[in-house]
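Asks: Quick one: this structure, given as structure tokens, is what I'll be asking you about.
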Amino acid sequence: MSGVLRTELRRGTAPVAAVATLVLGALLLHAEASQWGGRWMAFATAVRFSTLVLAPVAVALGVWQGGRERRRRLGELLASTPRPRWQPLVVAWASLTLGCWLGLLVVVAAGAVLVAPVATYAGGGWWWLLAVALVALAAATAGGLALGRVAPFWVAAPVAMIGLYALQVYAHDTFGPRGLRWLVPILAVYDAWGHHLSGWIHLRQAIWFGGVAAAALVLTAARRRWLAILPAAVAVVGAAPFLSGAPGHGWQPDPVATELVCTEDEPQVCLPRDEAFLLDQVTPAAREALRRFEGVPGGPTRALGSTFAPLPGAEPYLDIRIAGRVTITGELSPDAQWPFVHWWPDLVCDSPDAYDRYLWLLDAAAHWASEEPAAEWWVPEMRDEYAALLAMPLAEQKAWIGELIAAAGDCDRAALDQLAERLR
Amino acid sequence: MTGGRRRPGRGRFLRLHLRARHTLLVGAGVVATALLAWVAADWLVSRPNSPAATERWPVAAVAPVLGAVLVSVGFAGTDEELERAAAVRWRLIRLCHLALATLVVAVALALTGLWAPRTYGAFELVRNTVAAVGAVALATAVLGARLAWVPVAPYPLVIMVVGPLRPEMAWLSWPVQPWEGRPLAVWSAVVLLVLGGGAYTWRGARPVRSAGW
């Protein structure tokens with residue numbers, strides 16, 4: 001049987017599957033590099049995201065492989081041999097799946113070579129995401145193979161490809177059914193920043209995809225097709241908790257990944273552990289931004305990356321956002337248009353209309369902090385008022401910002417109106 | 001014995017040709033594609049907080065390619081080499097077949113995008129249909145009808161993820177480009193149809209050894 005498998009691997013659909021998975025996987029991961037550079041969990045999630053295209057391609061290849069005997073008119077010839085019915089099918093599936101796995105593993109190895117030298121956090125169980133990706137590809141090829149056997153049309157391959165793509169997009173849509181998103185292979189990379197998944201989710205997904213693969217193979221290859229009930233039941237066991245919407249599902253903040261790693265000297269600049277590889281590159285710009293607030297009463301005194309959870313203590317800080325700003329080699333992307341250090345004064349009001357009323361005031365302060373010109377969407381009056389702020393002596397500007405911070409923190413509408421009036 | 005049998009009339013030939021190219025099934029597939037496109041677009045624009053017509057962009061990218069792949073079933077006969085042995089003006093027939101297929105898919109899809117037609121509606125659907133049918137026709141001439149979907153079907157799926165979306169790259173990312181301000185996407189579609197249609201009309205589908213679907 002191993003000889004037949006070797007032949008299938010060399011001369012069957014497997015080489016095409018390996019090359020297609022390799023090329024498309026590399027293309028998709030390269031396109032998403034700014035979201036995973038330097039971070040293991042984000043990288044593994046990007047691999048899962050690439051299954052948005054790789055799984056449909058695997059299904060199409062499976063359909064193609066499943067129709068091979070019919071296209072080559074080998075049905076009668078194969079039926080006349082004493083070989084068990086399941087053997088050629090399982091060998092064809094195994095070779096195709098190995099081809100897909102090989103292509104994906106080469107892409108993963110290349111990505112690992114880029115991530116390993118810079119990553120500052122290797123925990124969170126990111127490798128389980130890759131393991132489930134392999135099981136999902138096996139399920140896709142098995143499903144495709146089964147479809148190729150029962151649908152004697154070559155358009156079944158592209159239709160299945162486009163259908164699975166659409167299903168994955170639908171399952172992951174914000175307004176799509178909630179549980180269905182865990183029953184398709186893809187995951188969104190931005191969900192992985194500072195988060196991790198529980199082992200139960202990986203296990204249930206593996207059971208679901210494994211059950212689907214086994215059920216498809218049994219349905220296609222076994223003489224007693226009713227035996228497919230067993231793997232189908234296993235698949236349902238894996239899927240049921242997702243569909244029932246049991247609590248505890250989804251991405252959870254990873255306390256170790258989001259632990260702040262700070263510079264030793266002042267003013268303090270901190271990034272979560274999984275982004276700490278950028279600390280040296282971020283620090284000069286963050287300190288430059290902090291200098292802007294020297295002499296501002298109540299102004300931020302340190303700059304922090306996002307921890308996805310409320311920080312203890314009420315010290316004001318600048319916000320460092322490097323999401324989507326990393327190169328494939330784990331460096332900060334040189335992009336002068338968008339500063340990565342932000343500040344937004346806290347407006348602590350119960351009434352939501354306060355945000356509408358004072359939005360431009362807060363926006364002007366945020367622009368002042370990052371020394372940005374007036375926003376394009378501002379009306380001319382707002383531009384004039386921002387110009388009036390910048391026309392003040394620097395000490396007066398800082399005093400104005402300090403008063404704004406105090407008034408916004410207390411939701412003092414009279415003081416906020418007065419601050420606005422001073423710019424008119 | 002009598003002399004030779006009468007040649008079938010044009011109408012009979014046309015009926016036989018359309019039957020041999022599975023036209024009824026393909027037509028049903030195109031109608032189903034248009035219905036699915038309409039349902040998908042309706043769902044996309046009716047979601048809460050949805051900024052309306054622009055949300056239909058995935059439909060404008062994928063539906064024309066699906067329609068083009070379906071009509072490519074009719075771009076070759078069961079035995080292409082045997083068919084070519086017949087004394088028939090195949091180039092004219094291929095040209096008509098291609099033109100009719102493009103027209104049917106474009107009209108079917110355009111009918112689903114008449115609301116806000118220039119915002120990922122009828123205009124984009126027609127442009128992308130022209131491009132997709134051209135690409136499928138080219139692939140049919142080079143690879144054969146059975147493999148014509150291989151380079152075409154995954155293309156919008158990849159472009160939807162990786163772009164590029166910049167206007168100067170619209171010639172490459174035509175499936176996801178809006179109508180307004182993207183003349184390069186239109187040119188891309190025209191070039192694909194002329195090239196693909198020309199190659200298919202001139203050479204026909206590349207014959208394959210094994211027959212069947």
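As shown in the structure tokens, the chain order sets the letters A, B, ...; within each chain, residues go from 1, and ligands are also counted from 1 in the order they appear.
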Show me which bits of chain B are within 9 Å of chain A, counting only C-alpha atoms, as a count of residues only.
Replies: 22
Asks: Give me every strand (DSSP E or B) residue in stretch 209-283 of chain A, going by DSSP on the backbone, as a count of residues only.
Replies: 9
Asks: Here is a test: counting only C-alpha atoms, which residue of B:Val176, B:Leu98, B:Val194, B:Val104 is nearest to B:Val30?
Replies: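 Closest candidate: B:Val104.
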Asks: Give me the residues of stretch 91-207 of chain A that have any atom at most 12 Å from an atom of stretch 317-325 of chain A; for each, the nearest atom pair and the distance in Å, rounded to one decimal. Use only C-alpha atoms, sort by chain and number, and format it as CSV.
Replies:
residue,atom,partner,partner_atom,distance
A:Val189,CA,A:Gly324,CA,10.1
A:Tyr190,CA,A:Ala323,CA,8.1
A:Asp191,CA,A:Ala323,CA,11.2
A:Ala192,CA,A:Ala323,CA,11.0
A:Trp193,CA,A:Ala323,CA,8.2
A:Gly194,CA,A:Ala323,CA,10.8
Asks: Can you tell me which residues surround B:Arg166 at a distance of at most 12 Å, considering only C-alpha atoms, apart from same-chain residues fewer than 2 positions away, and format the answer as a list in words?
Replies: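 Residues near the query, excluding close chain neighbours: Val162, Gly163, Pro164, Glu168, Met169, Ala170, Trp171, Leu172, Ser173, Trp174, Val176, Gln177, Pro178, Gly181, Arg182, Leu184 and Ala185 of chain B.
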Asks: Next, the residues of the selection above should be written as a PDB file, in the first residue's frame with C-alpha atoms.
Replies:
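Output file selection-v7.pdb is given in full below:
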ATOM      1  CA  VAL B 162      -4.896  40.370  -0.731  1.00  0.00           C
ATOM      2  CA  GLY B 163      -5.991  43.225  -3.033  1.00  0.00           C
ATOM      3  CA  PRO B 164      -4.302  45.426  -4.211  1.00  0.00           C
ATOM      4  CA  GLU B 168      -3.559  52.346 -10.374  1.00  0.00           C
ATOM      5  CA  MET B 169      -3.679  48.571  -9.773  1.00  0.00           C
ATOM      6  CA  ALA B 170      -7.335  48.273 -10.782  1.00  0.00           C
ATOM      7  CA  TRP B 171      -6.321  46.407 -13.949  1.00  0.00           C
ATOM      8  CA  LEU B 172      -5.200  43.537 -11.675  1.00  0.00           C
ATOM      9  CA  SER B 173      -7.868  43.706  -8.977  1.00  0.00           C
ATOM     10  CA  TRP B 174     -10.859  44.233 -11.279  1.00  0.00           C
ATOM     11  CA  VAL B 176     -13.240  44.133  -6.283  1.00  0.00           C
ATOM     12  CA  GLN B 177     -13.043  47.556  -7.909  1.00  0.00           C
ATOM     13  CA  PRO B 178     -15.951  50.010  -7.882  1.00  0.00           C
ATOM     14  CA  GLY B 181     -13.101  56.253 -11.172  1.00  0.00           C
ATOM     15  CA  ARG B 182     -11.645  52.886 -12.149  1.00  0.00           C
ATOM     16  CA  LEU B 184      -8.350  50.476 -15.706  1.00  0.00           C
ATOM     17  CA  ALA B 185     -10.741  47.800 -14.436  1.00  0.00           C
TER      18      ALA B 185
END
Asks: Which residue gives the smallest distance to A:Val261 among A:Asp384, A:Leu416, A:Thr120, A:Arg224, with only C-alpha atoms counted?
Replies: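 Using only C-alpha atoms, the shortest distance to A:Val261 belongs to A:Thr120.
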Asks: Could you list, as an NGL selection string, every residue within 10 Å of B:Leu36, counting only C-alpha atoms and ignoring same-chain residues fewer than 6 positions away?
Replies: :B and (30 or 42 or 59 or 63 or 109 or 112)
Asks: Could you write those residues out with N, CA and C atoms, as a PDB file, in the first residue's frame?
Replies:
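Listing of out_32.pdb after writing:
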ATOM      1  N   VAL B  30     -27.228  29.372 -14.307  1.00  0.00           N
ATOM      2  CA  VAL B  30     -27.049  30.828 -14.351  1.00  0.00           C
ATOM      3  C   VAL B  30     -28.193  31.520 -13.601  1.00  0.00           C
ATOM      4  N   ASP B  42     -28.943  41.109  -0.921  1.00  0.00           N
ATOM      5  CA  ASP B  42     -30.021  41.602  -0.059  1.00  0.00           C
ATOM      6  C   ASP B  42     -29.655  41.429   1.410  1.00  0.00           C
ATOM      7  N   VAL B  59     -20.355  40.153  -3.640  1.00  0.00           N
ATOM      8  CA  VAL B  59     -21.254  39.555  -4.638  1.00  0.00           C
ATOM      9  C   VAL B  59     -20.811  39.966  -6.038  1.00  0.00           C
ATOM     10  N   ALA B  63     -20.046  36.469  -8.010  1.00  0.00           N
ATOM     11  CA  ALA B  63     -21.155  35.963  -8.839  1.00  0.00           C
ATOM     12  C   ALA B  63     -20.798  35.920 -10.335  1.00  0.00           C
ATOM     13  N   LEU B 109     -27.363  38.768 -14.149  1.00  0.00           N
ATOM     14  CA  LEU B 109     -26.782  39.355 -12.936  1.00  0.00           C
ATOM     15  C   LEU B 109     -27.125  40.831 -12.805  1.00  0.00           C
ATOM     16  N   THR B 112     -30.175  41.758 -11.005  1.00  0.00           N
ATOM     17  CA  THR B 112     -30.152  41.689  -9.536  1.00  0.00           C
ATOM     18  C   THR B 112     -29.492  42.922  -8.923  1.00  0.00           C
TER      19      THR B 112
END
Asks: For a test of reading the model, state the distance in Å between atom CA of A:Arg424 and atom CA of A:Phe293, rounded to one decimal.
Replies: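 Rounded to one decimal, the two atoms are 23.6 Å apart.
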Asks: Would you compute the distance between atom CA of B:Asp79 and atom CA of B:Thr23? Give it in Å to one decimal.
Replies: 16.4 Å
Asks: Taking 5 positions as the minimum chain separation for residues in the same chain, which residues sit within 12 Å of A:Gly123 when counting only C-alpha atoms? Answer as a list in words.
Replies: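 My reading of the contact set: Arg39, Trp40, Met41, Ala42, Ala44, Trp128, Gly194, His195, His196, Leu197, Asp254, Pro255, Val256, Ala257, Thr258, Arg273 and Asp274 of chain A.
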Asks: Which distance in Å separates atom CA of A:Ala239 and atom CA of A:Leu22, to one decimal?
Replies: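 For atom CA of A:Ala239 relative to atom CA of A:Leu22, the distance reads 29.3 Å.
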Asks: Give me the residues within 10 Å of stretch 358-370 of chain A as a PyMOL selection string, counting only C-alpha atoms and dropping any in the same chain fewer than 5 places off.
Replies: chain A and resi 288-293+318+338-347+353+375+378-379+382-383+385-387+389-390+397-398+400-401+404-405+408+413+416-417+419-420
Asks: Suppose we keep C-alpha atoms; can you now write the selection as a PDB file, in the first residue's frame?
Replies:
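Result file follows (selection.pdb):
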ATOM      1  CA  GLU A 288       8.794  62.618  21.997  1.00  0.00           C
ATOM      2  CA  ALA A 289       4.996  62.543  22.350  1.00  0.00           C
ATOM      3  CA  LEU A 290       5.249  62.589  26.143  1.00  0.00           C
ATOM      4  CA  ARG A 291       7.497  65.687  26.011  1.00  0.00           C
ATOM      5  CA  ARG A 292       4.575  67.524  24.447  1.00  0.00           C
ATOM      6  CA  PHE A 293       2.739  67.103  27.766  1.00  0.00           C
ATOM      7  CA  LEU A 318      -0.551  57.859  26.042  1.00  0.00           C
ATOM      8  CA  TRP A 338      -0.256  57.609  10.847  1.00  0.00           C
ATOM      9  CA  PRO A 339       1.300  58.245  14.245  1.00  0.00           C
ATOM     10  CA  PHE A 340       1.189  55.182  16.494  1.00  0.00           C
ATOM     11  CA  VAL A 341       1.110  57.155  19.761  1.00  0.00           C
ATOM     12  CA  HIS A 342      -2.341  58.514  20.507  1.00  0.00           C
ATOM     13  CA  TRP A 343      -4.081  60.438  23.209  1.00  0.00           C
ATOM     14  CA  TRP A 344      -7.742  61.154  23.708  1.00  0.00           C
ATOM     15  CA  PRO A 345      -8.989  63.106  26.735  1.00  0.00           C
ATOM     16  CA  ASP A 346     -11.372  61.110  28.916  1.00  0.00           C
ATOM     17  CA  LEU A 347     -14.834  62.655  28.890  1.00  0.00           C
ATOM     18  CA  ASP A 353     -25.166  63.836  23.962  1.00  0.00           C
ATOM     19  CA  ALA A 375      -8.666  66.965  10.076  1.00  0.00           C
ATOM     20  CA  TRP A 378     -13.645  69.479  10.065  1.00  0.00           C
ATOM     21  CA  VAL A 379     -15.892  72.371   9.064  1.00  0.00           C
ATOM     22  CA  MET A 382     -13.469  74.137  13.629  1.00  0.00           C
ATOM     23  CA  ARG A 383     -10.357  74.691  11.555  1.00  0.00           C
ATOM     24  CA  GLU A 385     -10.678  77.413  16.276  1.00  0.00           C
ATOM     25  CA  TYR A 386      -7.887  74.825  16.071  1.00  0.00           C
ATOM     26  CA  ALA A 387      -5.717  77.461  14.410  1.00  0.00           C
ATOM     27  CA  LEU A 389      -5.320  77.122  19.774  1.00  0.00           C
ATOM     28  CA  LEU A 390      -2.048  76.713  17.887  1.00  0.00           C
ATOM     29  CA  GLN A 397      -1.698  75.982  24.939  1.00  0.00           C
ATOM     30  CA  LYS A 398      -0.560  73.580  27.659  1.00  0.00           C
ATOM     31  CA  TRP A 400      -5.685  75.146  27.952  1.00  0.00           C
ATOM     32  CA  ILE A 401      -5.112  71.395  27.479  1.00  0.00           C
ATOM     33  CA  LEU A 404      -9.678  70.625  29.225  1.00  0.00           C
ATOM     34  CA  ILE A 405      -8.449  67.415  30.895  1.00  0.00           C
ATOM     35  CA  ALA A 408     -13.650  66.572  30.709  1.00  0.00           C
ATOM     36  CA  ARG A 413     -20.075  71.509  30.796  1.00  0.00           C
ATOM     37  CA  LEU A 416     -15.934  73.007  28.519  1.00  0.00           C
ATOM     38  CA  ASP A 417     -18.121  75.695  26.917  1.00  0.00           C
ATOM     39  CA  LEU A 419     -12.745  76.563  26.828  1.00  0.00           C
ATOM     40  CA  ALA A 420     -14.463  76.403  23.454  1.00  0.00           C
TER      41      ALA A 420
END
Asks: As a list in words, please: all residues of stretch 138-174 of chain B that backbone DSSP puts in helix (DSSP H, G or I).
Replies: Leu138, Ala139, Thr140, Ala141, Val142, Leu143, Ala145, Arg146, Leu147, Trp149, Val150, Pro151, Val152, Pro154, Tyr155, Pro156, Leu157, Val158, Ile159, Met160, Val161, Val162, Pro167, Glu168, Met169 and Trp174 of chain B
Asks: Mind writing the picked residues with C-alpha atoms as a PDB file, in the first residue's frame?
Replies:
ATOM      1  CA  LEU B 138      -8.906  32.195 -22.780  1.00  0.00           C
ATOM      2  CA  ALA B 139      -8.389  29.368 -20.304  1.00  0.00           C
ATOM      3  CA  THR B 140     -10.641  27.125 -22.423  1.00  0.00           C
ATOM      4  CA  ALA B 141      -8.456  27.720 -25.468  1.00  0.00           C
ATOM      5  CA  VAL B 142      -5.260  27.056 -23.521  1.00  0.00           C
ATOM      6  CA  LEU B 143      -6.234  24.345 -21.014  1.00  0.00           C
ATOM      7  CA  ALA B 145     -13.000  23.440 -21.176  1.00  0.00           C
ATOM      8  CA  ARG B 146     -12.785  21.021 -18.276  1.00  0.00           C
ATOM      9  CA  LEU B 147      -9.855  22.866 -16.669  1.00  0.00           C
ATOM     10  CA  TRP B 149     -12.124  27.160 -14.131  1.00  0.00           C
ATOM     11  CA  VAL B 150      -8.751  26.421 -12.543  1.00  0.00           C
ATOM     12  CA  PRO B 151      -7.096  29.831 -13.033  1.00  0.00           C
ATOM     13  CA  VAL B 152     -10.355  31.800 -12.967  1.00  0.00           C
ATOM     14  CA  PRO B 154      -9.816  31.124  -7.252  1.00  0.00           C
ATOM     15  CA  TYR B 155      -8.831  34.538  -8.643  1.00  0.00           C
ATOM     16  CA  PRO B 156     -11.533  36.718  -7.033  1.00  0.00           C
ATOM     17  CA  LEU B 157     -11.256  34.722  -3.803  1.00  0.00           C
ATOM     18  CA  VAL B 158      -7.562  35.599  -3.544  1.00  0.00           C
ATOM     19  CA  ILE B 159      -7.981  39.191  -4.735  1.00  0.00           C
ATOM     20  CA  MET B 160     -10.721  39.767  -2.147  1.00  0.00           C
ATOM     21  CA  VAL B 161      -8.181  38.991   0.572  1.00  0.00           C
ATOM     22  CA  VAL B 162      -4.896  40.370  -0.731  1.00  0.00           C
ATOM     23  CA  PRO B 167      -6.777  52.692  -8.349  1.00  0.00           C
ATOM     24  CA  GLU B 168      -3.559  52.346 -10.374  1.00  0.00           C
ATOM     25  CA  MET B 169      -3.679  48.571  -9.773  1.00  0.00           C
ATOM     26  CA  TRP B 174     -10.859  44.233 -11.279  1.00  0.00           C
TER      27      TRP B 174
END
Asks: Within 6 Å of A:Ala235, counting only C-alpha atoms, which residues show up once you throw out same-chain ones fewer than 2 positions away? Write them as a list of chain:residue names, please.
Replies: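 Once the adjacent positions are removed, what remains is A:Ile207, A:Trp208, A:Gly211, A:Val212, A:Ala232, A:Ala233, A:Val237, A:Gly238.
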Asks: Hey, which of A:Ala188, A:Ala399, A:Ala406, A:Val218 ends up closest to A:Gly250? Count only C-alpha atoms.
Replies: A:Ala188
